[in-house]
file final_39.cif (mmCIF, C-alpha atoms)
data_target
loop_
_atom_site.label_atom_id
_atom_site.label_comp_id
_atom_site.auth_asym_id
_atom_site.auth_seq_id
_atom_site.Cartn_x
_atom_site.Cartn_y
_atom_site.Cartn_z
CA MET A 127 0.00 0.00 0.00
CA THR A 128 1.00 3.64 -0.45
CA ASN A 129 1.29 5.85 2.62
CA GLN A 130 -2.09 7.37 1.76
CA GLN A 131 -3.66 3.93 1.44
CA LEU A 132 -2.22 2.90 4.81
CA THR A 133 -3.65 6.07 6.36
CA ARG A 134 -7.13 5.53 4.96
CA THR A 135 -7.14 1.83 5.89
CA GLY A 136 -6.03 2.78 9.38
CA LEU A 137 -8.92 5.23 9.60
CA ALA A 138 -11.40 2.54 8.56
CA LEU A 139 -10.00 0.10 11.12
CA SER A 140 -10.02 2.74 13.86
CA ILE A 141 -13.70 3.36 13.17
CA LEU A 142 -14.33 -0.39 13.36
CA LEU A 143 -12.46 -0.53 16.66
CA GLY A 144 -14.55 2.34 17.95
CA LEU A 145 -17.73 0.53 17.01
CA ALA A 146 -16.52 -2.59 18.81
CA ALA A 147 -15.62 -0.57 21.90
CA CYS A 148 -19.20 0.66 22.17
CA GLY A 149 -20.45 -2.90 22.43
CA GLY A 150 -21.27 -3.22 26.12
CA GLY A 151 -19.86 -4.59 29.36
CA GLY A 152 -17.73 -7.48 30.44
CA GLY A 153 -14.21 -7.54 31.77
CA GLY A 154 -10.98 -7.35 29.83
CA SER A 155 -10.29 -6.07 26.34
CA ALA A 156 -11.95 -7.50 23.26
CA PRO A 157 -9.60 -8.71 20.52
CA PRO A 158 -9.31 -6.42 17.48
CA PRO A 159 -12.12 -7.09 15.01
CA THR A 160 -11.38 -8.55 11.63
CA GLN A 161 -12.04 -6.35 8.63
CA SER A 162 -14.83 -7.32 6.23
CA SER A 163 -14.79 -5.80 2.78
CA SER A 164 -16.51 -6.23 -0.56
CA LYS A 165 -15.11 -5.18 -3.94
CA GLY A 166 -17.29 -4.71 -6.99
CA ILE A 167 -18.98 -2.12 -9.16
CA ILE A 168 -21.53 0.41 -7.97
CA THR A 169 -24.77 -0.77 -9.60
CA ALA A 170 -27.13 1.84 -8.10
CA PHE A 171 -27.59 4.34 -5.32
CA GLY A 172 -29.81 4.55 -2.27
CA SER A 173 -27.34 4.57 -0.37
CA ILE A 174 -24.93 2.44 -2.48
CA TYR A 175 -25.33 -1.01 -4.04
CA VAL A 176 -22.28 -3.26 -4.49
CA ASN A 177 -22.33 -7.02 -5.18
CA GLY A 178 -26.09 -7.13 -4.59
CA THR A 179 -25.89 -5.54 -1.13
CA GLU A 180 -27.10 -2.10 -0.11
CA TYR A 181 -24.68 -0.26 2.18
CA ASN A 182 -25.64 2.77 4.23
CA THR A 183 -22.96 5.38 3.52
CA GLY A 184 -24.27 8.08 5.86
CA ASN A 185 -21.22 7.89 8.14
CA ALA A 186 -18.70 6.38 5.72
CA ALA A 187 -15.25 7.81 5.01
CA ILE A 188 -15.06 8.04 1.21
CA TYR A 189 -11.85 8.23 -0.82
CA VAL A 190 -11.46 8.81 -4.56
CA GLU A 191 -7.93 8.36 -5.95
CA ASP A 192 -6.48 8.30 -2.41
CA SER A 193 -8.03 11.68 -1.52
CA PRO A 194 -10.93 12.33 0.88
CA ALA A 195 -14.16 12.79 -1.04
CA ASP A 196 -17.91 12.57 -0.60
CA GLU A 197 -20.58 10.37 -2.12
CA SER A 198 -21.41 12.92 -4.82
CA GLN A 199 -18.14 11.98 -6.55
CA LEU A 200 -19.12 8.32 -6.90
CA ARG A 201 -20.80 7.09 -10.07
CA VAL A 202 -22.53 3.95 -11.32
CA GLY A 203 -20.02 1.57 -12.91
CA MET A 204 -17.11 2.58 -10.68
CA VAL A 205 -15.22 -0.28 -9.03
CA VAL A 206 -15.11 0.32 -5.27
CA ARG A 207 -13.99 -1.46 -2.15
CA VAL A 208 -16.47 -1.16 0.72
CA VAL A 209 -15.30 -1.78 4.28
CA GLU A 210 -18.38 -2.70 6.31
CA ASP A 211 -19.32 -3.02 9.98
CA GLY A 212 -21.40 -6.19 9.57
CA SER A 213 -24.71 -4.38 10.00
CA GLY A 214 -25.20 -3.01 6.50
CA ASN A 215 -23.21 0.17 7.19
CA ALA A 216 -20.19 1.19 5.14
CA VAL A 217 -17.29 2.31 7.32
CA ALA A 218 -15.23 3.37 4.29
CA VAL A 219 -15.56 3.35 0.49
CA TYR A 220 -12.48 3.47 -1.75
CA HIS A 221 -12.42 4.12 -5.50
CA ASP A 222 -9.35 4.19 -7.75
CA ASP A 223 -9.69 4.20 -11.52
CA GLU A 224 -7.75 1.62 -13.49
CA LEU A 225 -6.54 4.01 -16.16
CA GLU A 226 -6.86 7.65 -17.22
CA GLY A 227 -5.03 8.13 -20.45
CA ILE A 228 -4.59 8.96 -24.10
CA VAL A 229 -6.51 6.89 -26.64
CA LEU A 230 -4.26 5.43 -29.33
CA SER A 231 -6.91 3.56 -31.33
CA ASN A 232 -10.56 2.44 -31.23
CA SER A 233 -11.81 -0.79 -32.84
CA ILE A 234 -15.51 -0.15 -32.09
CA ALA A 235 -17.48 0.51 -35.27
CA ALA A 236 -20.07 3.27 -35.59
CA GLY A 237 -23.40 2.18 -34.14
CA GLN A 238 -21.75 -0.51 -32.00
CA SER A 239 -20.94 -0.53 -28.27
CA VAL A 240 -18.75 -3.63 -27.97
CA GLY A 241 -15.07 -3.94 -28.80
CA THR A 242 -11.68 -2.72 -27.64
CA LEU A 243 -9.79 0.53 -27.17
CA ASN A 244 -6.03 0.92 -27.01
CA ILE A 245 -5.41 3.46 -24.27
CA MET A 246 -1.69 4.10 -23.74
CA GLY A 247 -0.77 0.52 -24.61
CA GLN A 248 -3.50 -1.06 -22.49
CA THR A 249 -6.15 -3.14 -24.29
CA VAL A 250 -9.49 -2.05 -22.82
CA THR A 251 -12.46 -4.33 -23.49
CA VAL A 252 -15.90 -2.72 -23.66
CA ASP A 253 -19.05 -4.85 -23.39
CA VAL A 254 -22.80 -4.24 -23.23
CA ASN A 255 -22.68 -3.69 -19.47
CA THR A 256 -20.01 -0.98 -19.60
CA VAL A 257 -21.41 2.36 -18.42
CA PHE A 258 -20.54 5.22 -20.79
CA GLU A 259 -20.48 8.93 -20.02
CA SER A 260 -18.80 11.89 -21.67
CA ASP A 261 -17.74 15.36 -20.55
CA VAL A 262 -17.27 16.30 -24.20
CA ALA A 263 -20.53 17.28 -25.90
CA SER A 264 -19.42 16.11 -29.35
CA ILE A 265 -18.56 12.57 -28.17
CA THR A 266 -21.83 10.83 -27.40
CA THR A 267 -21.00 7.14 -27.90
CA VAL A 268 -18.06 4.86 -27.17
CA ALA A 269 -17.68 4.34 -30.93
CA ALA A 270 -17.09 8.08 -31.36
CA ILE A 271 -14.00 8.07 -29.14
CA ALA A 272 -10.98 9.01 -31.28
CA ALA A 273 -7.21 8.80 -31.04
CA GLY A 274 -5.91 11.61 -28.85
CA ASN A 275 -9.00 11.80 -26.62
CA ILE A 276 -8.46 11.48 -22.87
CA VAL A 277 -10.55 8.70 -21.32
CA GLU A 278 -10.96 7.52 -17.72
CA VAL A 279 -11.57 3.80 -17.24
CA SER A 280 -12.88 2.05 -14.17
CA GLY A 281 -12.80 -1.71 -14.29
CA TYR A 282 -10.74 -4.81 -13.69
CA GLY A 283 -7.21 -5.08 -14.96
CA SER A 284 -4.77 -7.95 -15.19
CA GLY A 285 -1.85 -5.71 -14.27
CA THR A 286 -0.17 -6.80 -17.50
CA GLY A 287 -1.94 -4.68 -20.09
CA THR A 288 -5.57 -5.81 -20.30
CA VAL A 289 -8.58 -4.13 -18.67
CA THR A 290 -12.27 -5.05 -18.69
CA ALA A 291 -14.07 -1.71 -18.49
CA THR A 292 -17.07 -1.37 -16.20
CA ARG A 293 -17.23 2.38 -16.78
CA ILE A 294 -15.74 4.68 -19.43
CA GLU A 295 -15.86 8.46 -19.18
CA VAL A 296 -14.49 10.78 -21.86
CA LYS A 297 -12.67 13.57 -19.99
CA ALA A 298 -11.24 15.80 -22.74
CA VAL A 299 -10.59 15.99 -26.48
CA ASP A 300 -6.82 16.11 -25.98
CA LEU A 301 -4.07 16.28 -23.37
CA ALA A 302 -3.66 20.06 -23.53
CA SER A 303 -7.29 20.73 -22.63
CA TYR A 304 -7.25 17.97 -20.03
CA LEU A 305 -4.28 19.49 -18.20
CA THR A 306 -6.17 22.77 -17.66
CA SER A 307 -8.38 21.01 -15.10
CA HIS A 308 -6.14 18.04 -14.22
CA PRO A 309 -2.60 19.43 -13.77
CA GLU A 310 -1.40 16.11 -12.31
CA GLY A 311 -1.70 14.60 -15.80
CA VAL A 312 -2.72 11.19 -17.14
CA GLU A 313 -2.08 7.96 -15.22
CA VAL A 314 -1.71 4.24 -15.74
CA LYS A 315 -1.14 1.31 -13.35
CA GLY A 316 0.52 -2.02 -13.94
CA ILE A 317 3.23 -4.57 -13.17
CA VAL A 318 6.71 -3.50 -14.27
CA ALA A 319 8.32 -5.58 -17.02
CA ASN A 320 11.40 -5.23 -19.25
CA HIS A 321 13.06 -2.76 -16.90
CA ASN A 322 16.17 -1.14 -18.36
CA ALA A 323 18.12 0.70 -15.65
CA THR A 324 20.56 2.19 -18.18
CA ASN A 325 17.93 3.70 -20.45
CA LYS A 326 15.55 4.27 -17.52
CA THR A 327 12.60 2.62 -19.23
CA PHE A 328 10.16 -0.16 -18.40
CA ALA A 329 6.97 -1.64 -19.82
CA LEU A 330 3.40 -1.65 -18.53
CA GLY A 331 1.52 -3.97 -20.86
CA GLY A 332 2.09 -2.65 -24.37
CA LEU A 333 3.33 0.73 -23.14
CA THR A 334 6.96 1.76 -22.70
CA VAL A 335 7.51 4.25 -19.87
CA ALA A 336 10.51 6.60 -19.89
CA TYR A 337 11.26 7.79 -16.35
CA THR A 338 14.56 9.70 -16.67
CA ASN A 339 13.21 12.88 -15.02
CA ALA A 340 10.41 11.32 -12.97
CA THR A 341 9.92 11.66 -9.23
CA LEU A 342 10.07 8.21 -7.61
CA SER A 343 7.73 7.73 -4.65
CA ASP A 344 7.63 4.91 -2.05
CA LEU A 345 10.28 2.97 -3.97
CA PRO A 346 12.93 2.00 -1.40
CA ASN A 347 14.88 -0.17 -3.84
CA ASP A 348 14.36 1.85 -7.01
CA ILE A 349 12.38 0.32 -9.87
CA THR A 350 12.55 -3.43 -10.46
CA ASN A 351 10.61 -5.90 -12.53
CA ASN A 352 7.39 -7.44 -11.18
CA ILE A 353 6.44 -4.58 -8.84
CA TYR A 354 3.06 -2.88 -9.13
CA VAL A 355 3.27 0.85 -9.80
CA GLU A 356 1.26 3.89 -10.87
CA VAL A 357 2.75 6.23 -13.45
CA LYS A 358 1.66 9.83 -13.95
CA SER A 359 2.58 12.00 -16.91
CA THR A 360 2.04 15.67 -17.71
CA VAL A 361 3.93 15.40 -21.00
CA GLY A 362 2.22 12.45 -22.65
CA LEU A 363 3.89 10.40 -25.39
CA ASN A 364 7.24 11.30 -26.93
CA ALA A 365 8.31 10.82 -30.55
CA SER A 366 9.10 7.17 -29.81
CA ASN A 367 5.57 6.60 -28.44
CA GLN A 368 6.95 6.24 -24.91
CA LEU A 369 5.03 7.71 -22.01
CA VAL A 370 7.21 10.39 -20.40
CA ALA A 371 6.71 9.84 -16.68
CA SER A 372 6.56 12.76 -14.30
CA ARG A 373 6.00 10.48 -11.29
CA VAL A 374 6.31 6.74 -10.57
CA GLU A 375 4.74 5.55 -7.33
CA LEU A 376 4.67 2.12 -5.70
CA GLU A 377 1.11 0.84 -5.40
CA ASN A 378 -0.24 -1.58 -2.78
CA ASN A 379 3.23 -2.31 -1.38
CA GLY A 380 4.23 -3.35 -4.88
CA HIS A 381 1.73 -6.25 -5.01
CA TYR A 382 -1.12 -6.42 -7.49
CA ASP A 383 -3.28 -8.55 -5.18
CA GLU A 384 -5.08 -7.00 -2.20
CA ASP A 385 -3.46 -7.01 1.23
CA GLY A 386 -5.20 -8.23 4.39
CA ASP A 387 -4.59 -9.39 7.94
CA ASP A 388 -5.18 -12.93 9.20
CA GLY A 389 -8.94 -13.53 9.37
CA ASP A 390 -10.00 -10.51 7.31
CA GLU A 391 -12.98 -11.30 5.08
CA TYR A 392 -13.06 -10.32 1.41
CA GLU A 393 -15.77 -10.63 -1.25
CA LEU A 394 -15.46 -10.11 -5.00
CA THR A 395 -17.72 -10.51 -8.02
CA GLY A 396 -16.28 -10.76 -11.51
CA LYS A 397 -15.02 -12.87 -14.36
CA VAL A 398 -12.51 -15.68 -13.96
CA MET A 399 -9.11 -14.87 -15.48
CA ALA A 400 -7.40 -18.15 -14.52
CA VAL A 401 -8.38 -21.32 -12.67
CA ASN A 402 -6.74 -24.61 -11.70
CA ALA A 403 -7.04 -27.25 -9.00
CA THR A 404 -5.56 -25.04 -6.27
CA SER A 405 -6.48 -21.46 -7.15
CA ILE A 406 -8.87 -19.15 -8.97
CA THR A 407 -8.11 -15.64 -10.21
CA VAL A 408 -11.04 -13.24 -10.50
CA ASN A 409 -10.55 -9.72 -11.84
CA GLY A 410 -6.83 -10.04 -11.13
CA GLN A 411 -7.29 -11.22 -7.53
CA THR A 412 -6.08 -14.75 -6.73
CA PHE A 413 -7.87 -16.95 -4.19
CA LEU A 414 -6.53 -20.29 -3.01
CA VAL A 415 -8.99 -23.19 -3.33
CA ASN A 416 -9.03 -26.25 -1.07
CA ASN A 417 -11.35 -29.11 -0.11
CA THR A 418 -13.32 -26.87 2.26
CA THR A 419 -14.23 -24.35 -0.46
CA GLU A 420 -17.98 -24.46 -1.07
CA VAL A 421 -19.19 -24.16 -4.69
CA GLU A 422 -22.79 -23.11 -5.39
CA HIS A 423 -24.82 -23.52 -8.61
CA GLY A 424 -22.41 -26.02 -10.14
CA LEU A 425 -19.12 -27.83 -9.77
CA MET A 426 -15.59 -26.47 -9.59
CA SER A 427 -14.85 -28.38 -12.80
CA ALA A 428 -17.47 -26.26 -14.59
CA ILE A 429 -15.64 -23.00 -13.88
CA THR A 430 -13.53 -21.81 -16.80
CA VAL A 431 -11.88 -18.58 -17.91
CA GLY A 432 -14.67 -16.03 -18.48
CA THR A 433 -17.15 -17.56 -16.02
CA LEU A 434 -18.91 -14.94 -13.88
CA VAL A 435 -18.55 -15.80 -10.18
CA GLU A 436 -18.91 -14.30 -6.74
CA VAL A 437 -16.10 -15.37 -4.40
CA GLU A 438 -16.00 -15.03 -0.62
CA GLY A 439 -12.74 -15.62 1.21
CA ARG A 440 -10.53 -14.95 4.20
CA PHE A 441 -6.90 -13.91 4.44
CA ASN A 442 -4.64 -16.42 6.18
CA ALA A 443 -1.60 -15.71 8.34
CA ALA A 444 0.60 -15.65 5.22
CA GLY A 445 -1.52 -12.89 3.68
CA GLU A 446 -3.05 -15.24 1.10
CA LEU A 447 -6.75 -15.16 0.24
CA VAL A 448 -8.44 -18.53 0.73
CA ALA A 449 -11.83 -18.99 -0.96
CA THR A 450 -14.55 -20.10 1.45
CA LYS A 451 -17.36 -19.97 -1.11
CA ILE A 452 -17.60 -19.64 -4.89
CA GLU A 453 -21.00 -18.90 -6.37
CA ILE A 454 -21.34 -19.43 -10.12
CA GLU A 455 -23.39 -16.56 -11.56
CA ASP A 456 -23.44 -17.78 -15.18
CA ASP A 457 -26.44 -20.06 -14.55
CA HIS A 458 -28.82 -18.12 -16.79
CA PRO A 459 -29.14 -17.51 -20.57
CA ALA A 460 -27.20 -14.80 -22.38
CA ALA A 461 -28.57 -11.28 -22.06
CA THR A 462 -31.11 -10.01 -24.60
CA HIS A 463 -31.27 -6.39 -25.79
CA LEU A 464 -34.68 -4.80 -25.19
CA THR A 465 -36.06 -1.29 -25.62
CA GLY A 466 -39.42 0.20 -24.76
CA THR A 467 -41.54 2.71 -22.91
CA VAL A 468 -42.63 2.26 -19.30
CA ALA A 469 -46.34 1.52 -18.88
CA SER A 470 -46.37 0.77 -15.14
CA ILE A 471 -44.05 0.06 -12.22
CA VAL A 472 -44.41 -2.03 -9.06
CA ILE A 473 -41.82 -0.92 -6.49
CA ALA A 474 -40.71 -3.12 -3.60
CA GLY A 475 -37.55 -1.12 -2.78
CA ASN A 476 -35.12 1.47 -4.11
CA ASN A 477 -33.83 -1.03 -6.62
CA LEU A 478 -36.28 -3.89 -6.37
CA GLY A 479 -39.49 -4.32 -8.32
CA THR A 480 -41.13 -4.95 -11.69
CA ILE A 481 -41.54 -2.79 -14.79
CA THR A 482 -44.15 -3.45 -17.45
CA LEU A 483 -43.42 -1.92 -20.86
CA THR A 484 -46.08 -0.72 -23.29
CA ASN A 485 -45.18 -3.65 -25.56
CA GLY A 486 -46.12 -6.06 -22.75
CA ASN A 487 -42.62 -7.10 -21.70
CA VAL A 488 -42.32 -7.59 -17.93
CA ILE A 489 -38.91 -6.61 -16.55
CA LYS A 490 -37.66 -7.54 -13.07
CA VAL A 491 -35.14 -5.28 -11.32
CA ASN A 492 -33.02 -6.42 -8.38
CA ASN A 493 -30.14 -5.24 -6.23
CA ARG A 494 -27.57 -6.32 -8.84
CA THR A 495 -29.11 -4.39 -11.73
CA VAL A 496 -26.88 -1.64 -13.11
CA MET A 497 -29.10 1.47 -13.10
CA HIS A 498 -27.88 4.34 -15.28
CA ASP A 499 -29.57 7.55 -16.39
CA SER A 500 -28.46 8.52 -19.90
CA SER A 501 -31.34 10.93 -20.46
CA VAL A 502 -31.11 14.72 -20.40
CA THR A 503 -31.96 14.47 -16.69
CA THR A 504 -28.63 12.69 -15.96
CA ASP A 505 -29.63 11.80 -12.42
CA ARG A 506 -26.46 10.50 -10.72
CA THR A 507 -28.42 8.65 -8.01
CA PHE A 508 -30.98 7.19 -10.44
CA ASN A 509 -32.78 4.06 -9.23
CA LEU A 510 -36.10 2.31 -9.72
CA THR A 511 -38.02 4.84 -7.62
CA ASP A 512 -37.12 7.58 -10.14
CA LEU A 513 -38.85 5.88 -13.07
CA VAL A 514 -42.26 7.06 -14.22
CA ALA A 515 -44.68 5.94 -16.91
CA GLY A 516 -43.58 7.22 -20.28
CA ASN A 517 -39.84 6.90 -19.64
CA TYR A 518 -37.93 5.27 -22.48
CA LEU A 519 -35.58 2.43 -21.51
CA GLU A 520 -32.75 0.43 -23.04
CA ILE A 521 -32.39 -2.87 -21.23
CA HIS A 522 -30.01 -5.83 -21.21
CA ALA A 523 -31.79 -8.74 -19.54
CA TYR A 524 -32.05 -12.51 -19.57
CA ALA A 525 -35.25 -14.45 -20.08
CA ASN A 526 -36.61 -16.29 -17.04
CA GLY A 527 -38.53 -18.86 -19.10
CA ASP A 528 -41.91 -17.66 -17.82
CA GLY A 529 -42.36 -14.66 -20.13
CA THR A 530 -40.51 -12.25 -17.81
CA TYR A 531 -36.97 -10.88 -17.95
CA THR A 532 -34.44 -10.12 -15.20
CA THR A 533 -32.43 -6.99 -15.87
CA VAL A 534 -28.64 -6.96 -15.88
CA LYS A 535 -28.38 -3.30 -16.99
CA LEU A 536 -31.11 -0.68 -17.34
CA GLU A 537 -30.61 2.75 -18.88
CA ARG A 538 -33.15 5.56 -18.98
CA GLU A 539 -32.73 7.44 -22.24
CA ASP A 540 -34.37 10.28 -24.11
CA MET A 541 -37.19 9.17 -26.40
CA PRO A 542 -35.67 8.51 -29.84
CA SER A 543 -36.74 10.89 -32.59
CA PRO A 544 -39.34 9.49 -34.99
CA PRO A 545 -38.08 8.61 -38.47
CA PRO A 546 -38.52 11.33 -41.06
CA ALA A 547 -41.74 11.25 -43.06
CA PRO A 548 -41.35 9.59 -46.46
CA GLN A 549 -40.93 11.95 -49.40
CA VAL A 550 -44.00 12.19 -51.59
#
call {"tool": "encode", "arguments": {"input": "final_39.cif", "output": "structure tokens"}}
result
Amino acid sequence: MTNQQLTRTGLALSILLGLAACGGGGGGSAPPPTQSSSKGIITAFGSIYVNGTEYNTGNAAIYVEDSPADESQLRVGMVVRVVEDGSGNAVAVYHDDELEGIVLSNSIAAGQSVGTLNIMGQTVTVDVNTVFESDVASITTVAAIAAGNIVEVSGYGSGTGTVTATRIEVKAVDLASYLTSHPEGVEVKGIVANHNATNKTFALGGLTVAYTNATLSDLPNDITNNIYVEVKSTVGLNASNQLVASRVELENNGHYDEDGDDGDEYELTGKVMAVNATSITVNGQTFLVNNTTEVEHGLMSAITVGTLVEVEGRFNAAGELVATKIEIEDDHPAATHLTGTVASIVIAGNNLGTITLTNGNVIKVNNRTVMHDSSVTTDRTFNLTDLVAGNYLEIHAYANGDGTYTTVKLEREDMPSPPPAPQV
């Protein structure tokens, strides 16, 4: 961890200790509580939904990019780590983007929303569940992103040059305009490879970083291969397409995986990157698997690269994460793309209920549904209770086999313009 990360983790643990100290009588001192945390994307607000759980953030310490923040800076699609108190309350919420950089190329065709972007040598995969927003009025779709644009990506990275984007936000048309509001520059994280101490270069995925004049932070032994770092640049790419680093900082004590103390609980939902008889890697985080690991909705042998799972685990004394339960989430059909206008809504909670469209489709919403407002209203805290009859929706959902659909992602959009009248 960086010094800032240690400070914020210490704050979260001190709050947890304070909560435990308020817990009533008895002699002697209670042992320090273990930390319980959950990492996943924000799917909706009210207070905040992560991995299907609603967390009350009223008293939470919130950090964005290592700096104190408030909930208004959080957005749907951001990957966050929530430290909880066991009673549905968030003690702390941490968000760090995976990448904020210069687009080199875009493979996504006009009218499409699925494909890859090359952002400073990192291959960023965009799928139907990626949340898209833009601060540039002329860029209204992910397909319209062009080389030179500055894009912020939240998602899950491998640390070696690939990122699955859960949220993409266009920040500026170019680096010069971006620096007017972000003087710290662009940034990229990854595991150092191909370090050349003579030339003062190293690779992060497909990007070569030149650090001759960079400030080195939290690096007691200088730069070496296989450490996890964050690189910032105010210059951008040089003539050799190398990123000119202004700062190189050690991240997470140089380890890509999360840190934790013996007994700390950790939960993560995402896609499997690697799996074998003794371990499973989900969104870059490796869990050990043993004969006590419980598997729900299938067998361990059915889990392959790309399978969507929810993993619960505990850190052991060696700092390794051991999976206690793996729940296979890919036990339903592939998502179907639906559009339509709301006819009626039955609300059972902020993000729980049923929508009936004017075309008769019945859509179920639950605590895992990604709720995003892409309409002119652009309500940051949009959830089911904000919908009204007449709203136009774009929905990715899977069929339940009984004529209804369960929503994976729901976007409120402006009503599309009618087609022009035929020429007479």
call {"tool": "residues_around", "arguments": {"input": "final_39.cif", "residues": "Val206 of chain A", "least_positions_apart": "2", "cutoff": "12 Å", "atoms": "only C-alpha atoms", "output": "PyMOL selection string"}}
result
chain A and resi 163-169+174-177+188-191+197+200-204+208-209+216+218-224+280-282+292-293+393-395
call {"tool": "resolve_selection", "arguments": {"input": "final_39.cif", "expression": "the PyMOL selection byres ((chain A and resi 366) around 12)", "output": "PyMOL selection string"}}
result
chain A and resi 333-336+362-365+367-370
call {"tool": "resolve_selection", "arguments": {"input": "final_39.cif", "expression": "the PyMOL selection byres ((chain A and resi 495-508) around 10)", "output": "MDAnalysis selection string"}}
result
chainID A and resid 167:178 197:203 255:259 476:478 490:494 509:513 517:523 532:541
call {"tool": "atom_distance", "arguments": {"input": "final_39.cif", "atom1": "atom CA of Gly214 of chain A", "atom2": "atom CA of Gly283 of chain A"}}
result
28.1 Å
call {"tool": "closest_residue", "arguments": {"input": "final_39.cif", "among": "A:Glu420, A:Glu295, A:Glu310, A:Glu455", "to": "Val268 of chain A", "atoms": "all atoms listed in the file"}}
result
A:Glu295
call {"tool": "residues_around", "arguments": {"input": "final_39.cif", "residues": "Val468 of chain A", "least_positions_apart": "2", "cutoff": "9 Å", "atoms": "only C-alpha atoms", "output": "ChimeraX atom specification"}}
result
/A:466,470-471,481-485,513-519
call {"tool": "resolve_selection", "arguments": {"input": "final_39.cif", "expression": "the PyMOL selection byres ((chain A and resi 326) around 10)", "output": "MDAnalysis selection string"}}
result
chainID A and resid 321:325 327:328 335:340 349
call {"tool": "write_last_selection", "arguments": {"input": "final_39.cif", "atoms": "C-alpha atoms", "output": "tab-separated table (two decimals), in the frame of the given file"}}
result
chain	number	residue	atom	x	y	z
A	321	HIS	CA	13.06	-2.76	-16.90
A	322	ASN	CA	16.17	-1.14	-18.36
A	323	ALA	CA	18.12	0.70	-15.65
A	324	THR	CA	20.56	2.19	-18.18
A	325	ASN	CA	17.93	3.70	-20.45
A	327	THR	CA	12.60	2.62	-19.23
A	328	PHE	CA	10.16	-0.16	-18.40
A	335	VAL	CA	7.51	4.25	-19.87
A	336	ALA	CA	10.51	6.60	-19.89
A	337	TYR	CA	11.26	7.79	-16.35
A	338	THR	CA	14.56	9.70	-16.67
A	339	ASN	CA	13.21	12.88	-15.02
A	340	ALA	CA	10.41	11.32	-12.97
A	349	ILE	CA	12.38	0.32	-9.87
call {"tool": "residues_around", "arguments": {"input": "final_39.cif", "residues": "Val252 of chain A", "least_positions_apart": "2", "cutoff": "8 Å", "atoms": "only C-alpha atoms", "output": "VMD selection string"}}
result
chain A and resid 239 to 243 250 254 256 290 to 292
call {"tool": "write_last_selection", "arguments": {"input": "final_39.cif", "atoms": "C-alpha atoms", "output": "mmCIF file, in the coordinates of the input"}}
result
data_model
loop_
_atom_site.group_PDB
_atom_site.id
_atom_site.type_symbol
_atom_site.label_atom_id
_atom_site.label_comp_id
_atom_site.auth_asym_id
_atom_site.auth_seq_id
_atom_site.Cartn_x
_atom_site.Cartn_y
_atom_site.Cartn_z
ATOM 1 C CA SER A 239 -20.940 -0.530 -28.270
ATOM 2 C CA VAL A 240 -18.750 -3.630 -27.970
ATOM 3 C CA GLY A 241 -15.070 -3.940 -28.800
ATOM 4 C CA THR A 242 -11.680 -2.720 -27.640
ATOM 5 C CA LEU A 243 -9.790 0.530 -27.170
ATOM 6 C CA VAL A 250 -9.490 -2.050 -22.820
ATOM 7 C CA VAL A 254 -22.800 -4.240 -23.230
ATOM 8 C CA THR A 256 -20.010 -0.980 -19.600
ATOM 9 C CA THR A 290 -12.270 -5.050 -18.690
ATOM 10 C CA ALA A 291 -14.070 -1.710 -18.490
ATOM 11 C CA THR A 292 -17.070 -1.370 -16.200
#
call {"tool": "residues_around", "arguments": {"input": "final_39.cif", "residues": "Lys358 of chain A", "least_positions_apart": "5", "cutoff": "6 Å", "atoms": "only C-alpha atoms", "output": "ChimeraX atom specification"}}
result
/A:312-313,371-373
call {"tool": "closest_residue", "arguments": {"input": "final_39.cif", "among": "A:Pro544, A:Gly486, A:Pro309, A:Pro346", "to": "Glu375 of chain A", "atoms": "only C-alpha atoms"}}
result
A:Pro346
call {"tool": "atom_distance", "arguments": {"input": "final_39.cif", "atom1": "atom CA of Asp261 of chain A", "atom2": "atom CA of Ala298 of chain A"}}
result
6.9 Å
